[in-house]
Amino acid sequence: MGQPVAGNPSQFMMERSFAAAGLDWRYLTLEVSPEDLPAAVAGMKAMGFRGGNFTIPHKVAVIPHLKRLTEAAELMGAVNCIYAEEDGFVGENTDGKGFVTALQEVIDPAGKRIVVLGAGGAARAIAVELGLHKAASIDIVNRDAGRGRDLANLLSERVGLESKWIPWNGTHALAEGDEIVINATSVGLCDGSAMVPVDPTTFRESMIVADVIFNPPNTCFLQAAEEAGCQTIDGLGMLVNQGVIGFKIWTGVDPDPAVMREALEEYLGI
Ligand code: NDP
């Protein structure tokens, strides 16, 4: 559920995966206004839904309608995935887990010095999950001081790792010690020519560079990192892996991630 939801690829991806797994299940994309959210969640329960995903603007507003939250969702203060238990829905957040699964295919975040660009919903989910996976430190680079400080404080006070907010004025220069660099801003979404304001001469070959943007996935940010010799991770991996996690939670079955990625690429015309 979300508003707007036109162009959201999740139903296409999930229903392909249900078919590939031999499951006669449905995943519906439903446009729901904020006023109708309580009735819509009650309707899911009444109609026996196993669960669902929530996107903008419902990720925080859905919380009072749930029975409980997982540790990650509680720390993030946002829910993008729910699943049914006997007496109500449990709120989970699979965005950060999806990102970390994609990252782990390349590198283990434990003990690494990480920089996250952005402090919105995606950055929060990713940073908390990286903290739960024992990152050594996470610098939060963000324009808005309130959001930047809040996230850095959450990480240091509640997740227990070294974290600080770095103000983002003009072009950000990456530090020599940054080992993993993540663009978690919305810069590049539906705009293949938009560059995240980072000085490309500060990329170093040893850095792993990731982007949350999946449309288009080959962002200017990742292209600049590749030109500098960095290994890169695109936003499709995060989207596929949060789908894999939700699928498993609801059905108990492991889906084929390759089927999900192919479906996404077909839907997005990549
Ligand atoms: P939010 O609106 O919550 O946050 C946006 C963030 O981007 C803020 O930190 C904002 O900074 C920053 N930002 C926006 N424009 C600029 C700019 N010009 N320069 C610097 N910073 C900027 O969005 P979300 O966190 O929910 O989503 C961010 C992106 O992540 C979206 O594009 C979304 O599509 C993608 N996403 C991808 C997923 C995947 O599976 N691949 C899953 C979830 C999200 P400030 O606070 O200073 O305004």
# chains A, B, ... in the order shown; residues from 1 in each chain; ligands from 1
>>> closest_atom_pairs(of="chain A", to="ligand 1", cutoff="9 Å", atoms="only C-alpha atoms and all ligand atoms", output="CSV")
residue,atom,partner,partner_atom_place_in_ligand_line,distance
A:Thr55,CA,ligand 1,26 (O),8.4
A:Ile56,CA,ligand 1,26 (O),7.3
A:Thr94,CA,ligand 1,42 (C),8.9
A:Asp95,CA,ligand 1,42 (C),5.6
A:Gly96,CA,ligand 1,42 (C),8.2
A:Gly98,CA,ligand 1,40 (O),7.2
A:Phe99,CA,ligand 1,40 (O),7.3
A:Leu117,CA,ligand 1,21 (N),7.2
A:Gly118,CA,ligand 1,9 (O),3.5
A:Ala119,CA,ligand 1,9 (O),3.9
A:Gly120,CA,ligand 1,3 (O),3.4
A:Gly121,CA,ligand 1,25 (O),3.7
A:Ala122,CA,ligand 1,25 (O),3.7
A:Ala123,CA,ligand 1,25 (O),5.6
A:Arg124,CA,ligand 1,25 (O),7.4
A:Ala125,CA,ligand 1,25 (O),8.4
A:Val141,CA,ligand 1,9 (O),8.4
A:Asn142,CA,ligand 1,47 (O),5.1
A:Arg143,CA,ligand 1,47 (O),3.6
A:Asp144,CA,ligand 1,47 (O),3.7
A:Ala145,CA,ligand 1,47 (O),7.3
A:Gly146,CA,ligand 1,46 (O),8.0
A:Arg147,CA,ligand 1,46 (O),5.8
A:Gly148,CA,ligand 1,46 (O),7.0
A:Trp168,CA,ligand 1,20 (C),7.2
A:Asn169,CA,ligand 1,20 (C),8.8
A:Gly170,CA,ligand 1,19 (N),8.6
A:Asn183,CA,ligand 1,30 (O),8.5
A:Ala184,CA,ligand 1,30 (O),5.6
A:Thr185,CA,ligand 1,7 (O),3.3
A:Ser186,CA,ligand 1,32 (O),3.6
A:Val187,CA,ligand 1,15 (N),5.3
A:Gly188,CA,ligand 1,32 (O),7.2
A:Leu189,CA,ligand 1,32 (O),5.0
A:Cys190,CA,ligand 1,32 (O),8.4
A:Ala194,CA,ligand 1,18 (N),8.9
A:Met195,CA,ligand 1,18 (N),8.8
A:Val196,CA,ligand 1,19 (N),6.4
A:Pro197,CA,ligand 1,19 (N),6.3
A:Asp211,CA,ligand 1,41 (N),7.7
A:Val212,CA,ligand 1,41 (N),4.3
A:Ile213,CA,ligand 1,35 (C),5.2
A:Phe214,CA,ligand 1,41 (N),5.3
A:Asn215,CA,ligand 1,34 (O),7.8
A:Pro217,CA,ligand 1,41 (N),8.9
A:Asp234,CA,ligand 1,41 (N),7.9
A:Gly235,CA,ligand 1,41 (N),4.0
A:Leu236,CA,ligand 1,41 (N),5.5
A:Gly237,CA,ligand 1,41 (N),7.0
A:Met238,CA,ligand 1,40 (O),4.4
A:Leu239,CA,ligand 1,40 (O),3.3
A:Val240,CA,ligand 1,40 (O),7.1
A:Asn241,CA,ligand 1,40 (O),7.9
A:Gln242,CA,ligand 1,40 (O),6.7
A:Gly243,CA,ligand 1,40 (O),8.6
>>> residues_around(residues="A:Ala173", least_positions_apart="5", cutoff="7 Å", atoms="only C-alpha atoms", output="ChimeraX atom specification")
/A:198-199,202
>>> residues_around(residues="stretch 251-260 of chain A", least_positions_apart="6", cutoff="7 Å", atoms="only C-alpha atoms", output="number ranges by chain")
A: 13, 17, 21, 240, 244
>>> write_last_selection(atoms="C-alpha atoms", output="compact mmCIF listing (two decimals), in the first residue's frame")
# COMPACT_ATOMS: atom_id res chain seq x y z
CA MET A 13 8.28 -9.07 -9.24
CA SER A 17 8.23 -15.34 -8.06
CA ALA A 21 7.77 -21.28 -6.84
CA VAL A 240 15.48 -7.80 -4.88
CA VAL A 244 13.35 -12.19 -1.03
>>> residues_around(residues="A:Asp178", least_positions_apart="3", cutoff="6 Å", atoms="only C-alpha atoms", output="PyMOL selection string")
chain A and resi 113-114+175
>>> write_last_selection(atoms="N, CA and C atoms", output="mmCIF file, in the first residue's frame")
data_model
loop_
_atom_site.group_PDB
_atom_site.id
_atom_site.type_symbol
_atom_site.label_atom_id
_atom_site.label_comp_id
_atom_site.auth_asym_id
_atom_site.auth_seq_id
_atom_site.Cartn_x
_atom_site.Cartn_y
_atom_site.Cartn_z
ATOM 1 N N ARG A 113 34.572 0.984 8.329
ATOM 2 C CA ARG A 113 34.272 2.410 8.492
ATOM 3 C C ARG A 113 33.426 2.816 7.289
ATOM 4 N N ILE A 114 32.207 3.249 7.583
ATOM 5 C CA ILE A 114 31.203 3.433 6.534
ATOM 6 C C ILE A 114 30.731 4.885 6.499
ATOM 7 N N ALA A 175 36.517 10.809 2.931
ATOM 8 C CA ALA A 175 37.740 10.740 3.741
ATOM 9 C C ALA A 175 38.552 9.518 3.325
#
>>> atom_distance(atom1="atom CA of A:Thr29", atom2="atom CA of A:Phe89")
18.5 Å
>>> closest_residue(among="A:Val79, A:Pro216, A:Gly7, A:Ala225", to="A:Glu265", atoms="only C-alpha atoms")
A:Pro216
>>> residues_around(residues="A:Leu103", least_positions_apart="2", cutoff="10 Å", atoms="only C-alpha atoms", output="ChimeraX atom specification")
/A:97-101,105-109,130,180,208-210,232-234,237-238
>>> atom_distance(atom1="atom CA of A:Gly91", atom2="atom CA of A:Gln11")
19.7 Å
>>> closest_residue(among="A:Gly131, A:Gly246, A:Gly48, A:Pro38", to="A:Ile82", atoms="only C-alpha atoms")
A:Gly246
>>> decode(residues="stretch 130-160 of chain A", atoms="N, CA and C atoms", output="PDB file, in the first residue's frame")
ATOM      1  N   LEU A 130      23.231  -1.816   9.361  1.00  0.00           N
ATOM      2  CA  LEU A 130      24.696  -1.948   9.331  1.00  0.00           C
ATOM      3  C   LEU A 130      25.250  -1.923  10.759  1.00  0.00           C
ATOM      4  N   GLY A 131      24.634  -1.104  11.609  1.00  0.00           N
ATOM      5  CA  GLY A 131      25.038  -1.055  13.016  1.00  0.00           C
ATOM      6  C   GLY A 131      24.772  -2.397  13.695  1.00  0.00           C
ATOM      7  N   LEU A 132      23.601  -2.987  13.421  1.00  0.00           N
ATOM      8  CA  LEU A 132      23.259  -4.293  14.016  1.00  0.00           C
ATOM      9  C   LEU A 132      24.206  -5.384  13.480  1.00  0.00           C
ATOM     10  N   HIS A 133      24.814  -5.130  12.299  1.00  0.00           N
ATOM     11  CA  HIS A 133      25.791  -6.075  11.737  1.00  0.00           C
ATOM     12  C   HIS A 133      27.225  -5.673  12.098  1.00  0.00           C
ATOM     13  N   LYS A 134      27.350  -4.845  13.157  1.00  0.00           N
ATOM     14  CA  LYS A 134      28.662  -4.573  13.779  1.00  0.00           C
ATOM     15  C   LYS A 134      29.639  -3.742  12.941  1.00  0.00           C
ATOM     16  N   ALA A 135      29.103  -2.788  12.163  1.00  0.00           N
ATOM     17  CA  ALA A 135      29.999  -1.829  11.501  1.00  0.00           C
ATOM     18  C   ALA A 135      30.802  -1.109  12.590  1.00  0.00           C
ATOM     19  N   ALA A 136      32.056  -0.721  12.273  1.00  0.00           N
ATOM     20  CA  ALA A 136      32.877  -0.035  13.285  1.00  0.00           C
ATOM     21  C   ALA A 136      32.385   1.386  13.496  1.00  0.00           C
ATOM     22  N   SER A 137      32.100   2.094  12.389  1.00  0.00           N
ATOM     23  CA  SER A 137      31.623   3.474  12.514  1.00  0.00           C
ATOM     24  C   SER A 137      30.801   3.834  11.281  1.00  0.00           C
ATOM     25  N   ILE A 138      29.867   4.761  11.478  1.00  0.00           N
ATOM     26  CA  ILE A 138      29.067   5.249  10.344  1.00  0.00           C
ATOM     27  C   ILE A 138      28.976   6.767  10.433  1.00  0.00           C
ATOM     28  N   ASP A 139      29.546   7.446   9.428  1.00  0.00           N
ATOM     29  CA  ASP A 139      29.375   8.901   9.329  1.00  0.00           C
ATOM     30  C   ASP A 139      28.130   9.172   8.505  1.00  0.00           C
ATOM     31  N   ILE A 140      27.305  10.090   8.987  1.00  0.00           N
ATOM     32  CA  ILE A 140      26.084  10.464   8.273  1.00  0.00           C
ATOM     33  C   ILE A 140      26.306  11.838   7.642  1.00  0.00           C
ATOM     34  N   VAL A 141      26.307  11.895   6.324  1.00  0.00           N
ATOM     35  CA  VAL A 141      26.487  13.168   5.611  1.00  0.00           C
ATOM     36  C   VAL A 141      25.102  13.611   5.147  1.00  0.00           C
ATOM     37  N   ASN A 142      24.622  14.746   5.650  1.00  0.00           N
ATOM     38  CA  ASN A 142      23.273  15.202   5.269  1.00  0.00           C
ATOM     39  C   ASN A 142      23.177  16.716   5.317  1.00  0.00           C
ATOM     40  N   ARG A 143      22.344  17.270   4.425  1.00  0.00           N
ATOM     41  CA  ARG A 143      22.142  18.728   4.395  1.00  0.00           C
ATOM     42  C   ARG A 143      21.371  19.178   5.631  1.00  0.00           C
ATOM     43  N   ASP A 144      20.237  18.514   5.891  1.00  0.00           N
ATOM     44  CA  ASP A 144      19.368  18.923   6.997  1.00  0.00           C
ATOM     45  C   ASP A 144      19.994  18.500   8.334  1.00  0.00           C
ATOM     46  N   ALA A 145      20.252  19.468   9.206  1.00  0.00           N
ATOM     47  CA  ALA A 145      20.957  19.186  10.461  1.00  0.00           C
ATOM     48  C   ALA A 145      20.124  18.304  11.391  1.00  0.00           C
ATOM     49  N   GLY A 146      18.822  18.574  11.484  1.00  0.00           N
ATOM     50  CA  GLY A 146      17.965  17.817  12.404  1.00  0.00           C
ATOM     51  C   GLY A 146      17.980  16.336  12.073  1.00  0.00           C
ATOM     52  N   ARG A 147      17.722  16.012  10.791  1.00  0.00           N
ATOM     53  CA  ARG A 147      17.686  14.596  10.381  1.00  0.00           C
ATOM     54  C   ARG A 147      19.070  13.948  10.523  1.00  0.00           C
ATOM     55  N   GLY A 148      20.121  14.696  10.160  1.00  0.00           N
ATOM     56  CA  GLY A 148      21.480  14.160  10.236  1.00  0.00           C
ATOM     57  C   GLY A 148      21.882  13.842  11.671  1.00  0.00           C
ATOM     58  N   ARG A 149      21.638  14.804  12.573  1.00  0.00           N
ATOM     59  CA  ARG A 149      21.997  14.605  13.987  1.00  0.00           C
ATOM     60  C   ARG A 149      21.187  13.493  14.628  1.00  0.00           C
ATOM     61  N   ASP A 150      19.880  13.467  14.327  1.00  0.00           N
ATOM     62  CA  ASP A 150      18.990  12.424  14.892  1.00  0.00           C
ATOM     63  C   ASP A 150      19.508  11.032  14.578  1.00  0.00           C
ATOM     64  N   LEU A 151      19.884  10.842  13.316  1.00  0.00           N
ATOM     65  CA  LEU A 151      20.333   9.499  12.913  1.00  0.00           C
ATOM     66  C   LEU A 151      21.676   9.163  13.573  1.00  0.00           C
ATOM     67  N   ALA A 152      22.593  10.119  13.573  1.00  0.00           N
ATOM     68  CA  ALA A 152      23.901   9.854  14.211  1.00  0.00           C
ATOM     69  C   ALA A 152      23.710   9.552  15.706  1.00  0.00           C
ATOM     70  N   ASN A 153      22.805  10.292  16.365  1.00  0.00           N
ATOM     71  CA  ASN A 153      22.552  10.039  17.796  1.00  0.00           C
ATOM     72  C   ASN A 153      21.915   8.676  18.014  1.00  0.00           C
ATOM     73  N   LEU A 154      20.968   8.313  17.144  1.00  0.00           N
ATOM     74  CA  LEU A 154      20.323   7.004  17.259  1.00  0.00           C
ATOM     75  C   LEU A 154      21.376   5.894  17.182  1.00  0.00           C
ATOM     76  N   LEU A 155      22.305   6.040  16.221  1.00  0.00           N
ATOM     77  CA  LEU A 155      23.324   5.004  16.023  1.00  0.00           C
ATOM     78  C   LEU A 155      24.269   4.923  17.216  1.00  0.00           C
ATOM     79  N   SER A 156      24.691   6.081  17.726  1.00  0.00           N
ATOM     80  CA  SER A 156      25.661   6.011  18.825  1.00  0.00           C
ATOM     81  C   SER A 156      24.985   5.672  20.153  1.00  0.00           C
ATOM     82  N   GLU A 157      23.774   6.199  20.375  1.00  0.00           N
ATOM     83  CA  GLU A 157      23.148   5.984  21.695  1.00  0.00           C
ATOM     84  C   GLU A 157      22.359   4.679  21.794  1.00  0.00           C
ATOM     85  N   ARG A 158      21.687   4.277  20.710  1.00  0.00           N
ATOM     86  CA  ARG A 158      20.831   3.085  20.824  1.00  0.00           C
ATOM     87  C   ARG A 158      21.405   1.856  20.132  1.00  0.00           C
ATOM     88  N   VAL A 159      22.188   2.057  19.068  1.00  0.00           N
ATOM     89  CA  VAL A 159      22.735   0.873  18.379  1.00  0.00           C
ATOM     90  C   VAL A 159      24.158   0.587  18.885  1.00  0.00           C
ATOM     91  N   GLY A 160      24.806   1.625  19.479  1.00  0.00           N
ATOM     92  CA  GLY A 160      26.078   1.398  20.164  1.00  0.00           C
ATOM     93  C   GLY A 160      27.304   1.374  19.264  1.00  0.00           C
TER      94      GLY A 160
END
